[in-house]
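Text of upload07.tsv (TSV, N, CA and C atoms) as supplied:
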chain	number	residue	atom	x	y	z
A	1	MET	N	17.49	-5.76	7.23
A	1	MET	CA	16.46	-6.53	6.55
A	1	MET	C	16.40	-6.07	5.09
A	2	GLU	N	16.24	-7.02	4.20
A	2	GLU	CA	16.13	-6.73	2.77
A	2	GLU	C	14.81	-6.02	2.46
A	3	PRO	N	14.74	-5.26	1.35
A	3	PRO	CA	13.50	-4.55	1.01
A	3	PRO	C	12.25	-5.43	0.99
A	4	SER	N	12.36	-6.65	0.45
A	4	SER	CA	11.17	-7.50	0.40
A	4	SER	C	10.70	-7.85	1.81
A	5	GLY	N	11.64	-8.09	2.71
A	5	GLY	CA	11.29	-8.40	4.09
A	5	GLY	C	10.66	-7.23	4.81
A	6	VAL	N	11.17	-6.03	4.55
A	6	VAL	CA	10.60	-4.83	5.16
A	6	VAL	C	9.15	-4.65	4.71
A	7	VAL	N	8.90	-4.78	3.42
A	7	VAL	CA	7.55	-4.58	2.89
A	7	VAL	C	6.61	-5.70	3.36
A	8	GLU	N	7.10	-6.92	3.36
A	8	GLU	CA	6.28	-8.03	3.85
A	8	GLU	C	5.93	-7.82	5.33
A	9	SER	N	6.89	-7.39	6.11
A	9	SER	CA	6.66	-7.13	7.53
A	9	SER	C	5.66	-5.99	7.73
A	10	LEU	N	5.74	-4.97	6.88
A	10	LEU	CA	4.78	-3.86	6.97
A	10	LEU	C	3.36	-4.37	6.79
A	11	TRP	N	3.12	-5.12	5.72
A	11	TRP	CA	1.75	-5.62	5.47
A	11	TRP	C	1.33	-6.58	6.57
A	12	ASP	N	2.25	-7.43	7.06
A	12	ASP	CA	1.91	-8.36	8.14
A	12	ASP	C	1.48	-7.60	9.40
A	13	ARG	N	2.22	-6.56	9.74
A	13	ARG	CA	1.90	-5.78	10.94
A	13	ARG	C	0.57	-5.05	10.77
A	14	MET	N	0.32	-4.55	9.57
A	14	MET	CA	-0.94	-3.85	9.34
A	14	MET	C	-2.11	-4.83	9.41
A	15	GLU	N	-1.95	-6.02	8.84
A	15	GLU	CA	-3.01	-7.03	8.91
A	15	GLU	C	-3.26	-7.46	10.35
A	16	ALA	N	-2.21	-7.52	11.17
A	16	ALA	CA	-2.33	-7.94	12.56
A	16	ALA	C	-2.87	-6.83	13.47
A	17	ARG	N	-3.18	-5.68	12.90
A	17	ARG	CA	-3.68	-4.52	13.66
A	17	ARG	C	-2.65	-4.01	14.67
A	18	ASP	N	-1.38	-4.21	14.34
A	18	ASP	CA	-0.28	-3.70	15.15
A	18	ASP	C	-0.13	-2.23	14.79
A	19	ARG	N	-0.84	-1.39	15.48
A	19	ARG	CA	-0.92	0.04	15.12
A	19	ARG	C	0.41	0.78	15.25
A	20	ASP	N	1.28	0.34	16.16
A	20	ASP	CA	2.55	1.03	16.37
A	20	ASP	C	3.73	0.35	15.69
A	21	GLY	N	3.60	-0.95	15.40
A	21	GLY	CA	4.69	-1.72	14.83
A	21	GLY	C	5.26	-1.18	13.53
A	22	PRO	N	4.41	-0.68	12.61
A	22	PRO	CA	4.97	-0.16	11.36
A	22	PRO	C	5.94	1.00	11.53
A	23	ALA	N	5.87	1.71	12.65
A	23	ALA	CA	6.78	2.84	12.86
A	23	ALA	C	8.23	2.42	12.76
A	24	ALA	N	8.55	1.21	13.21
A	24	ALA	CA	9.94	0.73	13.16
A	24	ALA	C	10.42	0.48	11.75
A	25	LEU	N	9.50	0.44	10.79
A	25	LEU	CA	9.87	0.14	9.41
A	25	LEU	C	10.02	1.39	8.54
A	26	PHE	N	9.71	2.56	9.10
A	26	PHE	CA	9.78	3.81	8.35
A	26	PHE	C	10.88	4.70	8.90
A	27	ALA	N	11.58	5.37	7.99
A	27	ALA	CA	12.52	6.41	8.40
A	27	ALA	C	11.70	7.57	8.97
A	28	GLU	N	12.30	8.31	9.86
A	28	GLU	CA	11.59	9.42	10.51
A	28	GLU	C	11.02	10.42	9.49
A	29	ASP	N	11.75	10.65	8.40
A	29	ASP	CA	11.33	11.64	7.41
A	29	ASP	C	10.76	10.98	6.14
A	30	ALA	N	10.25	9.77	6.26
A	30	ALA	CA	9.68	9.06	5.11
A	30	ALA	C	8.54	9.85	4.48
A	31	VAL	N	8.43	9.73	3.17
A	31	VAL	CA	7.36	10.39	2.42
A	31	VAL	C	6.63	9.31	1.62
A	32	VAL	N	5.30	9.28	1.75
A	32	VAL	CA	4.48	8.34	1.01
A	32	VAL	C	3.41	9.14	0.27
A	33	GLU	N	3.31	8.91	-1.03
A	33	GLU	CA	2.33	9.63	-1.84
A	33	GLU	C	1.24	8.69	-2.33
A	34	TRP	N	0.02	9.19	-2.36
A	34	TRP	CA	-1.14	8.49	-2.91
A	34	TRP	C	-1.66	9.33	-4.08
A	35	PRO	N	-1.11	9.15	-5.28
A	35	PRO	CA	-1.49	9.99	-6.43
A	35	PRO	C	-2.97	9.93	-6.80
A	36	VAL	N	-3.62	8.77	-6.62
A	36	VAL	CA	-5.02	8.65	-7.03
A	36	VAL	C	-5.91	9.61	-6.24
A	37	SER	N	-5.62	9.77	-4.94
A	37	SER	CA	-6.41	10.70	-4.12
A	37	SER	C	-5.72	12.05	-3.94
A	38	GLY	N	-4.53	12.19	-4.51
A	38	GLY	CA	-3.83	13.47	-4.46
A	38	GLY	C	-3.32	13.83	-3.06
A	39	GLU	N	-2.81	12.83	-2.32
A	39	GLU	CA	-2.35	13.07	-0.96
A	39	GLU	C	-0.89	12.67	-0.77
A	40	ARG	N	-0.25	13.33	0.19
A	40	ARG	CA	1.13	13.00	0.57
A	40	ARG	C	1.17	12.90	2.08
A	41	ILE	N	1.80	11.84	2.57
A	41	ILE	CA	2.01	11.65	4.00
A	41	ILE	C	3.49	11.91	4.25
A	42	THR	N	3.78	12.91	5.06
A	42	THR	CA	5.17	13.28	5.33
A	42	THR	C	5.53	12.92	6.76
A	43	GLY	N	6.49	12.05	6.91
A	43	GLY	CA	6.99	11.67	8.22
A	43	GLY	C	6.38	10.39	8.75
A	44	ARG	N	7.20	9.66	9.49
A	44	ARG	CA	6.79	8.40	10.09
A	44	ARG	C	5.58	8.56	10.99
A	45	ASP	N	5.56	9.60	11.81
A	45	ASP	CA	4.47	9.77	12.77
A	45	ASP	C	3.13	9.94	12.08
A	46	ASP	N	3.09	10.71	10.99
A	46	ASP	CA	1.83	10.89	10.26
A	46	ASP	C	1.41	9.59	9.58
A	47	HIS	N	2.38	8.82	9.09
A	47	HIS	CA	2.03	7.55	8.45
A	47	HIS	C	1.39	6.62	9.48
A	48	VAL	N	1.97	6.53	10.66
A	48	VAL	CA	1.41	5.70	11.72
A	48	VAL	C	0.02	6.22	12.10
A	49	ALA	N	-0.14	7.54	12.20
A	49	ALA	CA	-1.44	8.13	12.57
A	49	ALA	C	-2.52	7.82	11.53
A	50	VAL	N	-2.17	7.90	10.25
A	50	VAL	CA	-3.14	7.59	9.19
A	50	VAL	C	-3.61	6.14	9.33
A	51	ASN	N	-2.69	5.23	9.53
A	51	ASN	CA	-3.06	3.83	9.64
A	51	ASN	C	-3.78	3.52	10.95
A	52	ARG	N	-3.47	4.24	11.99
A	52	ARG	CA	-4.18	4.06	13.26
A	52	ARG	C	-5.64	4.50	13.10
A	53	ALA	N	-5.88	5.53	12.31
A	53	ALA	CA	-7.23	6.07	12.13
A	53	ALA	C	-8.05	5.33	11.07
A	54	TYR	N	-7.41	4.44	10.32
A	54	TYR	CA	-8.10	3.72	9.24
A	54	TYR	C	-9.28	2.95	9.83
A	55	PRO	N	-10.45	3.09	9.25
A	55	PRO	CA	-11.64	2.44	9.80
A	55	PRO	C	-11.52	0.91	9.85
A	56	GLU	N	-12.01	0.34	10.93
A	56	GLU	CA	-12.00	-1.12	11.08
A	56	GLU	C	-12.88	-1.78	10.03
A	57	GLY	N	-12.68	-3.08	9.87
A	57	GLY	CA	-13.49	-3.86	8.95
A	57	GLY	C	-12.73	-4.34	7.73
A	58	ARG	N	-11.43	-4.08	7.69
A	58	ARG	CA	-10.65	-4.48	6.52
A	58	ARG	C	-9.74	-5.65	6.84
A	59	SER	N	-9.33	-6.34	5.80
A	59	SER	CA	-8.27	-7.33	5.90
A	59	SER	C	-7.30	-7.05	4.75
A	60	ILE	N	-6.13	-7.64	4.84
A	60	ILE	CA	-5.10	-7.42	3.81
A	60	ILE	C	-4.59	-8.77	3.34
A	61	ARG	N	-4.58	-8.94	2.02
A	61	ARG	CA	-4.02	-10.15	1.42
A	61	ARG	C	-2.93	-9.72	0.45
A	62	VAL	N	-1.70	-10.12	0.75
A	62	VAL	CA	-0.59	-9.79	-0.13
A	62	VAL	C	-0.67	-10.70	-1.35
A	63	LEU	N	-0.70	-10.09	-2.52
A	63	LEU	CA	-0.76	-10.84	-3.77
A	63	LEU	C	0.63	-11.14	-4.31
A	64	ARG	N	1.54	-10.16	-4.15
A	64	ARG	CA	2.88	-10.35	-4.70
A	64	ARG	C	3.81	-9.26	-4.18
A	65	ILE	N	5.07	-9.64	-3.97
A	65	ILE	CA	6.13	-8.68	-3.64
A	65	ILE	C	7.31	-8.99	-4.55
A	66	VAL	N	7.81	-7.97	-5.22
A	66	VAL	CA	8.98	-8.09	-6.08
A	66	VAL	C	9.99	-7.05	-5.59
A	67	ALA	N	11.22	-7.49	-5.35
A	67	ALA	CA	12.20	-6.57	-4.79
A	67	ALA	C	13.51	-6.62	-5.55
A	68	GLY	N	14.25	-5.54	-5.41
A	68	GLY	CA	15.58	-5.45	-6.00
A	68	GLY	C	16.03	-4.01	-6.03
A	69	ASP	N	17.33	-3.82	-6.06
A	69	ASP	CA	17.92	-2.50	-6.24
A	69	ASP	C	17.41	-1.47	-5.22
A	70	GLY	N	17.35	-1.86	-3.95
A	70	GLY	CA	16.99	-0.91	-2.90
A	70	GLY	C	15.52	-0.61	-2.77
A	71	GLY	N	14.68	-1.44	-3.34
A	71	GLY	CA	13.25	-1.17	-3.23
A	71	GLY	C	12.42	-2.41	-3.41
A	72	ALA	N	11.13	-2.25	-3.24
A	72	ALA	CA	10.20	-3.35	-3.42
A	72	ALA	C	8.87	-2.82	-3.93
A	73	VAL	N	8.23	-3.64	-4.74
A	73	VAL	CA	6.89	-3.35	-5.24
A	73	VAL	C	5.98	-4.43	-4.70
A	74	SER	N	4.84	-4.00	-4.17
A	74	SER	CA	3.89	-4.99	-3.66
A	74	SER	C	2.51	-4.73	-4.24
A	75	GLY	N	1.78	-5.81	-4.37
A	75	GLY	CA	0.38	-5.74	-4.77
A	75	GLY	C	-0.43	-6.40	-3.68
A	76	VAL	N	-1.47	-5.72	-3.20
A	76	VAL	CA	-2.31	-6.27	-2.14
A	76	VAL	C	-3.78	-6.09	-2.51
A	77	GLU	N	-4.59	-6.95	-1.91
A	77	GLU	CA	-6.04	-6.81	-2.01
A	77	GLU	C	-6.55	-6.52	-0.61
A	78	VAL	N	-7.44	-5.52	-0.50
A	78	VAL	CA	-7.94	-5.09	0.80
A	78	VAL	C	-9.47	-5.06	0.77
A	79	PRO	N	-10.11	-6.19	1.09
A	79	PRO	CA	-11.56	-6.17	1.23
A	79	PRO	C	-11.93	-5.43	2.52
A	80	HIS	N	-12.95	-4.59	2.43
A	80	HIS	CA	-13.37	-3.80	3.58
A	80	HIS	C	-14.87	-3.92	3.73
A	81	GLU	N	-15.30	-4.46	4.87
A	81	GLU	CA	-16.73	-4.67	5.13
A	81	GLU	C	-17.52	-3.38	4.91
A	82	GLY	N	-18.56	-3.48	4.12
A	82	GLY	CA	-19.45	-2.34	3.92
A	82	GLY	C	-18.92	-1.26	2.99
A	83	VAL	N	-17.66	-1.37	2.60
A	83	VAL	CA	-17.06	-0.34	1.73
A	83	VAL	C	-16.75	-0.91	0.36
A	84	GLY	N	-16.25	-2.14	0.32
A	84	GLY	CA	-15.90	-2.78	-0.94
A	84	GLY	C	-14.49	-3.31	-0.92
A	85	VAL	N	-14.02	-3.67	-2.10
A	85	VAL	CA	-12.68	-4.25	-2.24
A	85	VAL	C	-11.77	-3.21	-2.89
A	86	PHE	N	-10.57	-3.09	-2.35
A	86	PHE	CA	-9.56	-2.21	-2.91
A	86	PHE	C	-8.38	-3.06	-3.33
A	87	ARG	N	-7.67	-2.57	-4.31
A	87	ARG	CA	-6.38	-3.13	-4.71
A	87	ARG	C	-5.36	-2.00	-4.62
A	88	ALA	N	-4.17	-2.34	-4.17
A	88	ALA	CA	-3.12	-1.34	-4.08
A	88	ALA	C	-1.83	-1.90	-4.65
A	89	VAL	N	-1.14	-1.08	-5.41
A	89	VAL	CA	0.21	-1.37	-5.87
A	89	VAL	C	1.08	-0.30	-5.24
A	90	SER	N	2.11	-0.76	-4.51
A	90	SER	CA	2.96	0.16	-3.77
A	90	SER	C	4.41	0.00	-4.21
A	91	PHE	N	5.04	1.12	-4.48
A	91	PHE	CA	6.46	1.17	-4.81
A	91	PHE	C	7.16	1.78	-3.60
A	92	ARG	N	8.12	1.06	-3.04
A	92	ARG	CA	8.79	1.55	-1.83
A	92	ARG	C	10.30	1.53	-2.01
A	93	THR	N	10.94	2.60	-1.56
A	93	THR	CA	12.40	2.68	-1.51
A	93	THR	C	12.81	2.39	-0.07
A	94	VAL	N	13.75	1.47	0.09
A	94	VAL	CA	14.19	1.04	1.42
A	94	VAL	C	15.69	1.29	1.55
A	95	ARG	N	16.07	1.96	2.64
A	95	ARG	CA	17.48	2.18	2.95
A	95	ARG	C	17.72	1.79	4.40
A	96	ASP	N	18.77	1.03	4.62
A	96	ASP	CA	19.13	0.61	5.98
A	96	ASP	C	17.96	-0.03	6.72
A	97	GLY	N	17.15	-0.82	5.99
A	97	GLY	CA	16.06	-1.54	6.61
A	97	GLY	C	14.83	-0.72	6.93
A	98	ARG	N	14.77	0.51	6.39
A	98	ARG	CA	13.61	1.37	6.65
A	98	ARG	C	13.09	1.97	5.34
A	99	ILE	N	11.79	2.14	5.29
A	99	ILE	CA	11.15	2.76	4.12
A	99	ILE	C	11.41	4.26	4.18
A	100	VAL	N	11.96	4.80	3.09
A	100	VAL	CA	12.23	6.23	3.03
A	100	VAL	C	11.29	6.95	2.08
A	101	ARG	N	10.73	6.18	1.14
A	101	ARG	CA	9.84	6.79	0.15
A	101	ARG	C	8.87	5.72	-0.34
A	102	GLY	N	7.66	6.16	-0.66
A	102	GLY	CA	6.68	5.24	-1.21
A	102	GLY	C	5.67	5.96	-2.08
A	103	THR	N	5.19	5.25	-3.06
A	103	THR	CA	4.08	5.72	-3.89
A	103	THR	C	3.09	4.57	-3.98
A	104	GLU	N	1.85	4.83	-3.58
A	104	GLU	CA	0.81	3.80	-3.55
A	104	GLU	C	-0.34	4.20	-4.45
A	105	TYR	N	-0.77	3.27	-5.27
A	105	TYR	CA	-1.91	3.48	-6.16
A	105	TYR	C	-3.05	2.60	-5.67
A	106	TRP	N	-4.08	3.21	-5.11
A	106	TRP	CA	-5.25	2.51	-4.58
A	106	TRP	C	-6.43	2.71	-5.51
A	107	ALA	N	-7.13	1.61	-5.78
A	107	ALA	CA	-8.34	1.69	-6.62
A	107	ALA	C	-9.24	0.51	-6.28
A	108	SER	N	-10.47	0.61	-6.67
A	108	SER	CA	-11.42	-0.50	-6.51
A	108	SER	C	-11.55	-1.19	-7.86
A	109	PRO	N	-11.48	-2.53	-7.88
A	109	PRO	CA	-11.63	-3.25	-9.14
A	109	PRO	C	-12.95	-2.85	-9.83
A	110	GLY	N	-12.83	-2.55	-11.12
A	110	GLY	CA	-14.00	-2.16	-11.90
A	110	GLY	C	-14.39	-0.70	-11.79
A	111	SER	N	-13.65	0.09	-11.00
A	111	SER	CA	-14.01	1.50	-10.82
A	111	SER	C	-13.65	2.37	-12.02
A	112	ASP	N	-12.84	1.84	-12.91
A	112	ASP	CA	-12.46	2.56	-14.12
A	112	ASP	C	-13.03	1.76	-15.29
A	113	PRO	N	-14.24	2.06	-15.72
A	113	PRO	CA	-14.90	1.24	-16.75
A	113	PRO	C	-14.10	1.15	-18.04
A	114	SER	N	-14.16	-0.02	-18.62
A	114	SER	CA	-13.49	-0.26	-19.89
A	114	SER	C	-14.23	0.48	-21.00
A	115	PRO	N	-13.52	1.26	-21.80
A	115	PRO	CA	-14.18	1.98	-22.89
A	115	PRO	C	-14.66	1.03	-23.99
A	116	ALA	N	-15.70	1.39	-24.65
A	116	ALA	CA	-16.31	0.56	-25.69
A	116	ALA	C	-15.33	0.21	-26.81
A	117	TRP	N	-14.40	1.10	-27.15
A	117	TRP	CA	-13.51	0.85	-28.28
A	117	TRP	C	-12.58	-0.35	-28.03
A	118	ARG	N	-12.39	-0.77	-26.76
A	118	ARG	CA	-11.52	-1.91	-26.47
A	118	ARG	C	-12.27	-3.23	-26.43
A	119	ALA	N	-13.58	-3.22	-26.50
A	119	ALA	CA	-14.39	-4.42	-26.31
A	119	ALA	C	-13.97	-5.60	-27.18
A	120	ALA	N	-13.56	-5.35	-28.39
A	120	ALA	CA	-13.18	-6.43	-29.31
A	120	ALA	C	-11.83	-7.06	-28.95
A	121	PHE	N	-11.07	-6.42	-28.05
A	121	PHE	CA	-9.71	-6.87	-27.77
A	121	PHE	C	-9.50	-7.40	-26.35
A	122	VAL	N	-10.51	-7.24	-25.50
A	122	VAL	CA	-10.33	-7.59	-24.08
A	122	VAL	C	-11.47	-8.50	-23.60
A	123	GLU	N	-11.28	-9.07	-22.43
A	123	GLU	CA	-12.34	-9.83	-21.78
A	123	GLU	C	-12.41	-9.39	-20.32
A	124	PRO	N	-13.54	-9.50	-19.68
A	124	PRO	CA	-13.65	-9.10	-18.26
A	124	PRO	C	-12.78	-9.97	-17.37
A	125	VAL	N	-12.28	-9.40	-16.31
A	125	VAL	CA	-11.48	-10.12	-15.32
A	125	VAL	C	-12.38	-10.56	-14.19
Could the structure of this file be written out as structure tokens, please?
Amino acid sequence: MEPSGVVESLWDRMEARDRDGPAALFAEDAVVEWPVSGERITGRDDHVAVNRAYPEGRSIRVLRIVAGDGGAVSGVEVPHEGVGVFRAVSFRTVRDGRIVRGTEYWASPGSDPSPAWRAAFVEPV
């Protein structure tokens, strides 16, 4: 499977609450980093466990997937009941149809306030 298909399948399985399905998409020794929270998930089993433990109440909407050269970048929106809306940009390296490495940047829209000095040059989204 091409990198874009692997990443699309990952998000589809996660949205479908297929708690074990994503395991087939990760290499056994895959490493995924979340720099914003300063965490690293090492190994397929821990990645599956993290997603299995994720609190219910969320949905996933894929905004975009761009792939090439052995990897894919995806942007998703994750509204979560009672918690708020998150956006994630994920960079994934795919080899032989499996994710071997990933870096995900998770944030909530508006959580990083625009500084006053930019006000003359920007508009709210």
Thr93 (chain A): which residues within 5 Å, counting only N, CA and C atoms, same-chain residues fewer than 4 positions away excluded, as an MDAnalysis selection string? chainID A and resid 70:71 99:102
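Using only N, CA and C atoms for every distance, the candidate list A:Leu63, A:Ala107, A:Ala120, A:Val48 yields A:Val48 as the residue closest to Ala23 (chain A).
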List the spatial neighbours of Ala88 (chain A) as a list in words - criterion: any atom at most 7 Å away, all atoms listed in the file, same-chain residues fewer than 3 positions off excluded. Ser74, Gly75, Val76, Glu77, Val78, Glu104, Tyr105, Trp106 and Ala107 of chain A
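Straight-line separation from CA of Val85 (chain A) to CA of Arg61 (chain A): 11.1 Å.
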One-decimal distance in Å that lies between CA of Ala30 (chain A) and CA of Glu8 (chain A):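 Interatomic distance, CA of Glu8 (chain A) to CA of Ala30 (chain A): 17.5 Å.
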Which value, in Å to one decimal, gives the distance between atom N of Glu81 (chain A) and atom N of Arg64 (chain A)? 19.9 Å
Which of chain A fall in strand (DSSP E or B), as a PyMOL selection string: chain A and resi 26-34+39-42+58+61-68+71-80+84-95+98-107
Where does DSSP see alpha helix (DSSP H) in chain A, if you list the residues as a ChimeraX atom specification? /A:3-15,44-53
Please determine, counting only N, CA and C atoms, which residue among A:Ile60, A:Asp45, A:Glu33, A:Phe26 has the shortest atom-to-atom distance to Asp12 (chain A).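 Looking at the shortest contact to Asp12 (chain A), the residue is A:Ile60.
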Ala72 (chain A) surroundings by all atoms listed in the file, 5 Å radius, close-in-sequence under 6 positions cut, as a PyMOL selection string: chain A and resi 66+91-92
Return the single residue from A:Asn51, A:Thr103, A:Ser59, A:Thr42 that is closest to Val83 (chain A), with distances computed using only C-alpha atoms. A:Ser59
Ranking A:Pro35, A:Gly97, A:Pro55, A:Gly43 by minimum distance to Ser9 (chain A) and counting only C-alpha atoms, which one comes first?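 So, comparing all the options, the nearest one is A:Gly97.
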Closest to Pro22 (chain A) among A:His47, A:Arg118, A:Arg40, A:Arg58, using all atoms listed in the file? A:His47
Find the residue from A:Gly82, A:Ala27, A:Ala116, A:Val125 that sits nearest to Arg95 (chain A); use all atoms listed in the file when measuring.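 Of A:Gly82, A:Ala27, A:Ala116, A:Val125, the one nearest Arg95 (chain A) is A:Ala27, counting all atoms listed in the file.
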List the neighbours of Ala67 (chain A) out to 6.5 Å using only N, CA and C atoms; skip same-chain residues closer than 5 positions along the sequence, and give me the result as number ranges by chain. A: 3-4, 72-73
Generate the missing atoms of region 52-61 of chain A up to all heavy atoms and report them as a PDB file, in the frame of the given file.
ATOM      1  N   ARG A  52      -3.470   4.240  11.990  1.00  0.00           N
ATOM      2  CA  ARG A  52      -4.180   4.060  13.260  1.00  0.00           C
ATOM      3  C   ARG A  52      -5.640   4.500  13.100  1.00  0.00           C
ATOM      4  O   ARG A  52      -6.537   3.890  13.672  1.00  0.00           O
ATOM      5  CB  ARG A  52      -3.501   4.878  14.350  1.00  0.00           C
ATOM      6  CG  ARG A  52      -4.155   4.736  15.707  1.00  0.00           C
ATOM      7  CD  ARG A  52      -3.462   5.620  16.735  1.00  0.00           C
ATOM      8  NE  ARG A  52      -2.089   5.230  16.976  1.00  0.00           N
ATOM      9  CZ  ARG A  52      -1.712   4.191  17.720  1.00  0.00           C
ATOM     10  NH1 ARG A  52      -2.612   3.426  18.272  1.00  0.00           N
ATOM     11  NH2 ARG A  52      -0.445   3.920  17.897  1.00  0.00           N
ATOM     12  N   ALA A  53      -5.880   5.530  12.310  1.00  0.00           N
ATOM     13  CA  ALA A  53      -7.230   6.070  12.130  1.00  0.00           C
ATOM     14  C   ALA A  53      -8.050   5.330  11.070  1.00  0.00           C
ATOM     15  O   ALA A  53      -9.250   5.553  10.945  1.00  0.00           O
ATOM     16  CB  ALA A  53      -7.141   7.560  11.757  1.00  0.00           C
ATOM     17  N   TYR A  54      -7.410   4.440  10.320  1.00  0.00           N
ATOM     18  CA  TYR A  54      -8.100   3.720   9.240  1.00  0.00           C
ATOM     19  C   TYR A  54      -9.280   2.950   9.830  1.00  0.00           C
ATOM     20  O   TYR A  54      -9.137   2.235  10.821  1.00  0.00           O
ATOM     21  CB  TYR A  54      -7.129   2.757   8.551  1.00  0.00           C
ATOM     22  CG  TYR A  54      -7.619   2.269   7.214  1.00  0.00           C
ATOM     23  CD1 TYR A  54      -7.291   2.951   6.050  1.00  0.00           C
ATOM     24  CD2 TYR A  54      -8.419   1.149   7.100  1.00  0.00           C
ATOM     25  CE1 TYR A  54      -7.729   2.514   4.814  1.00  0.00           C
ATOM     26  CE2 TYR A  54      -8.874   0.701   5.876  1.00  0.00           C
ATOM     27  CZ  TYR A  54      -8.524   1.390   4.734  1.00  0.00           C
ATOM     28  OH  TYR A  54      -8.969   0.959   3.515  1.00  0.00           O
ATOM     29  N   PRO A  55     -10.450   3.090   9.250  1.00  0.00           N
ATOM     30  CA  PRO A  55     -11.640   2.440   9.800  1.00  0.00           C
ATOM     31  C   PRO A  55     -11.520   0.910   9.850  1.00  0.00           C
ATOM     32  O   PRO A  55     -10.966   0.293   8.939  1.00  0.00           O
ATOM     33  CB  PRO A  55     -12.748   2.830   8.814  1.00  0.00           C
ATOM     34  CG  PRO A  55     -12.226   4.017   8.085  1.00  0.00           C
ATOM     35  CD  PRO A  55     -10.731   3.879   8.063  1.00  0.00           C
ATOM     36  N   GLU A  56     -12.010   0.340  10.930  1.00  0.00           N
ATOM     37  CA  GLU A  56     -12.000  -1.120  11.080  1.00  0.00           C
ATOM     38  C   GLU A  56     -12.880  -1.780  10.030  1.00  0.00           C
ATOM     39  O   GLU A  56     -13.721  -1.133   9.424  1.00  0.00           O
ATOM     40  CB  GLU A  56     -12.456  -1.509  12.485  1.00  0.00           C
ATOM     41  CG  GLU A  56     -11.369  -1.395  13.527  1.00  0.00           C
ATOM     42  CD  GLU A  56     -10.149  -2.250  13.234  1.00  0.00           C
ATOM     43  OE1 GLU A  56     -10.266  -3.380  12.731  1.00  0.00           O
ATOM     44  OE2 GLU A  56      -9.034  -1.776  13.519  1.00  0.00           O
ATOM     45  N   GLY A  57     -12.680  -3.080   9.870  1.00  0.00           N
ATOM     46  CA  GLY A  57     -13.490  -3.860   8.950  1.00  0.00           C
ATOM     47  C   GLY A  57     -12.730  -4.340   7.730  1.00  0.00           C
ATOM     48  O   GLY A  57     -13.291  -4.961   6.845  1.00  0.00           O
ATOM     49  N   ARG A  58     -11.430  -4.080   7.690  1.00  0.00           N
ATOM     50  CA  ARG A  58     -10.650  -4.480   6.520  1.00  0.00           C
ATOM     51  C   ARG A  58      -9.740  -5.650   6.840  1.00  0.00           C
ATOM     52  O   ARG A  58      -9.427  -5.944   7.981  1.00  0.00           O
ATOM     53  CB  ARG A  58      -9.827  -3.312   5.997  1.00  0.00           C
ATOM     54  CG  ARG A  58      -8.860  -2.753   7.030  1.00  0.00           C
ATOM     55  CD  ARG A  58      -7.440  -3.023   6.657  1.00  0.00           C
ATOM     56  NE  ARG A  58      -6.533  -2.440   7.623  1.00  0.00           N
ATOM     57  CZ  ARG A  58      -5.810  -3.164   8.454  1.00  0.00           C
ATOM     58  NH1 ARG A  58      -5.900  -4.449   8.476  1.00  0.00           N
ATOM     59  NH2 ARG A  58      -4.964  -2.578   9.287  1.00  0.00           N
ATOM     60  N   SER A  59      -9.330  -6.340   5.800  1.00  0.00           N
ATOM     61  CA  SER A  59      -8.270  -7.330   5.900  1.00  0.00           C
ATOM     62  C   SER A  59      -7.300  -7.050   4.750  1.00  0.00           C
ATOM     63  O   SER A  59      -7.610  -6.291   3.846  1.00  0.00           O
ATOM     64  CB  SER A  59      -8.829  -8.757   5.824  1.00  0.00           C
ATOM     65  OG  SER A  59      -9.483  -8.955   4.597  1.00  0.00           O
ATOM     66  N   ILE A  60      -6.130  -7.640   4.840  1.00  0.00           N
ATOM     67  CA  ILE A  60      -5.100  -7.420   3.810  1.00  0.00           C
ATOM     68  C   ILE A  60      -4.590  -8.770   3.340  1.00  0.00           C
ATOM     69  O   ILE A  60      -4.209  -9.613   4.146  1.00  0.00           O
ATOM     70  CB  ILE A  60      -3.923  -6.583   4.358  1.00  0.00           C
ATOM     71  CG1 ILE A  60      -4.408  -5.196   4.787  1.00  0.00           C
ATOM     72  CG2 ILE A  60      -2.806  -6.481   3.322  1.00  0.00           C
ATOM     73  CD1 ILE A  60      -3.369  -4.389   5.538  1.00  0.00           C
ATOM     74  N   ARG A  61      -4.580  -8.940   2.020  1.00  0.00           N
ATOM     75  CA  ARG A  61      -4.020 -10.150   1.420  1.00  0.00           C
ATOM     76  C   ARG A  61      -2.930  -9.720   0.450  1.00  0.00           C
ATOM     77  O   ARG A  61      -3.201  -9.039  -0.536  1.00  0.00           O
ATOM     78  CB  ARG A  61      -5.102 -10.937   0.698  1.00  0.00           C
ATOM     79  CG  ARG A  61      -4.583 -12.243   0.113  1.00  0.00           C
ATOM     80  CD  ARG A  61      -5.714 -13.137  -0.359  1.00  0.00           C
ATOM     81  NE  ARG A  61      -6.435 -12.581  -1.480  1.00  0.00           N
ATOM     82  CZ  ARG A  61      -6.284 -12.960  -2.740  1.00  0.00           C
ATOM     83  NH1 ARG A  61      -5.418 -13.908  -3.054  1.00  0.00           N
ATOM     84  NH2 ARG A  61      -6.992 -12.409  -3.693  1.00  0.00           N
TER      85      ARG A  61
END
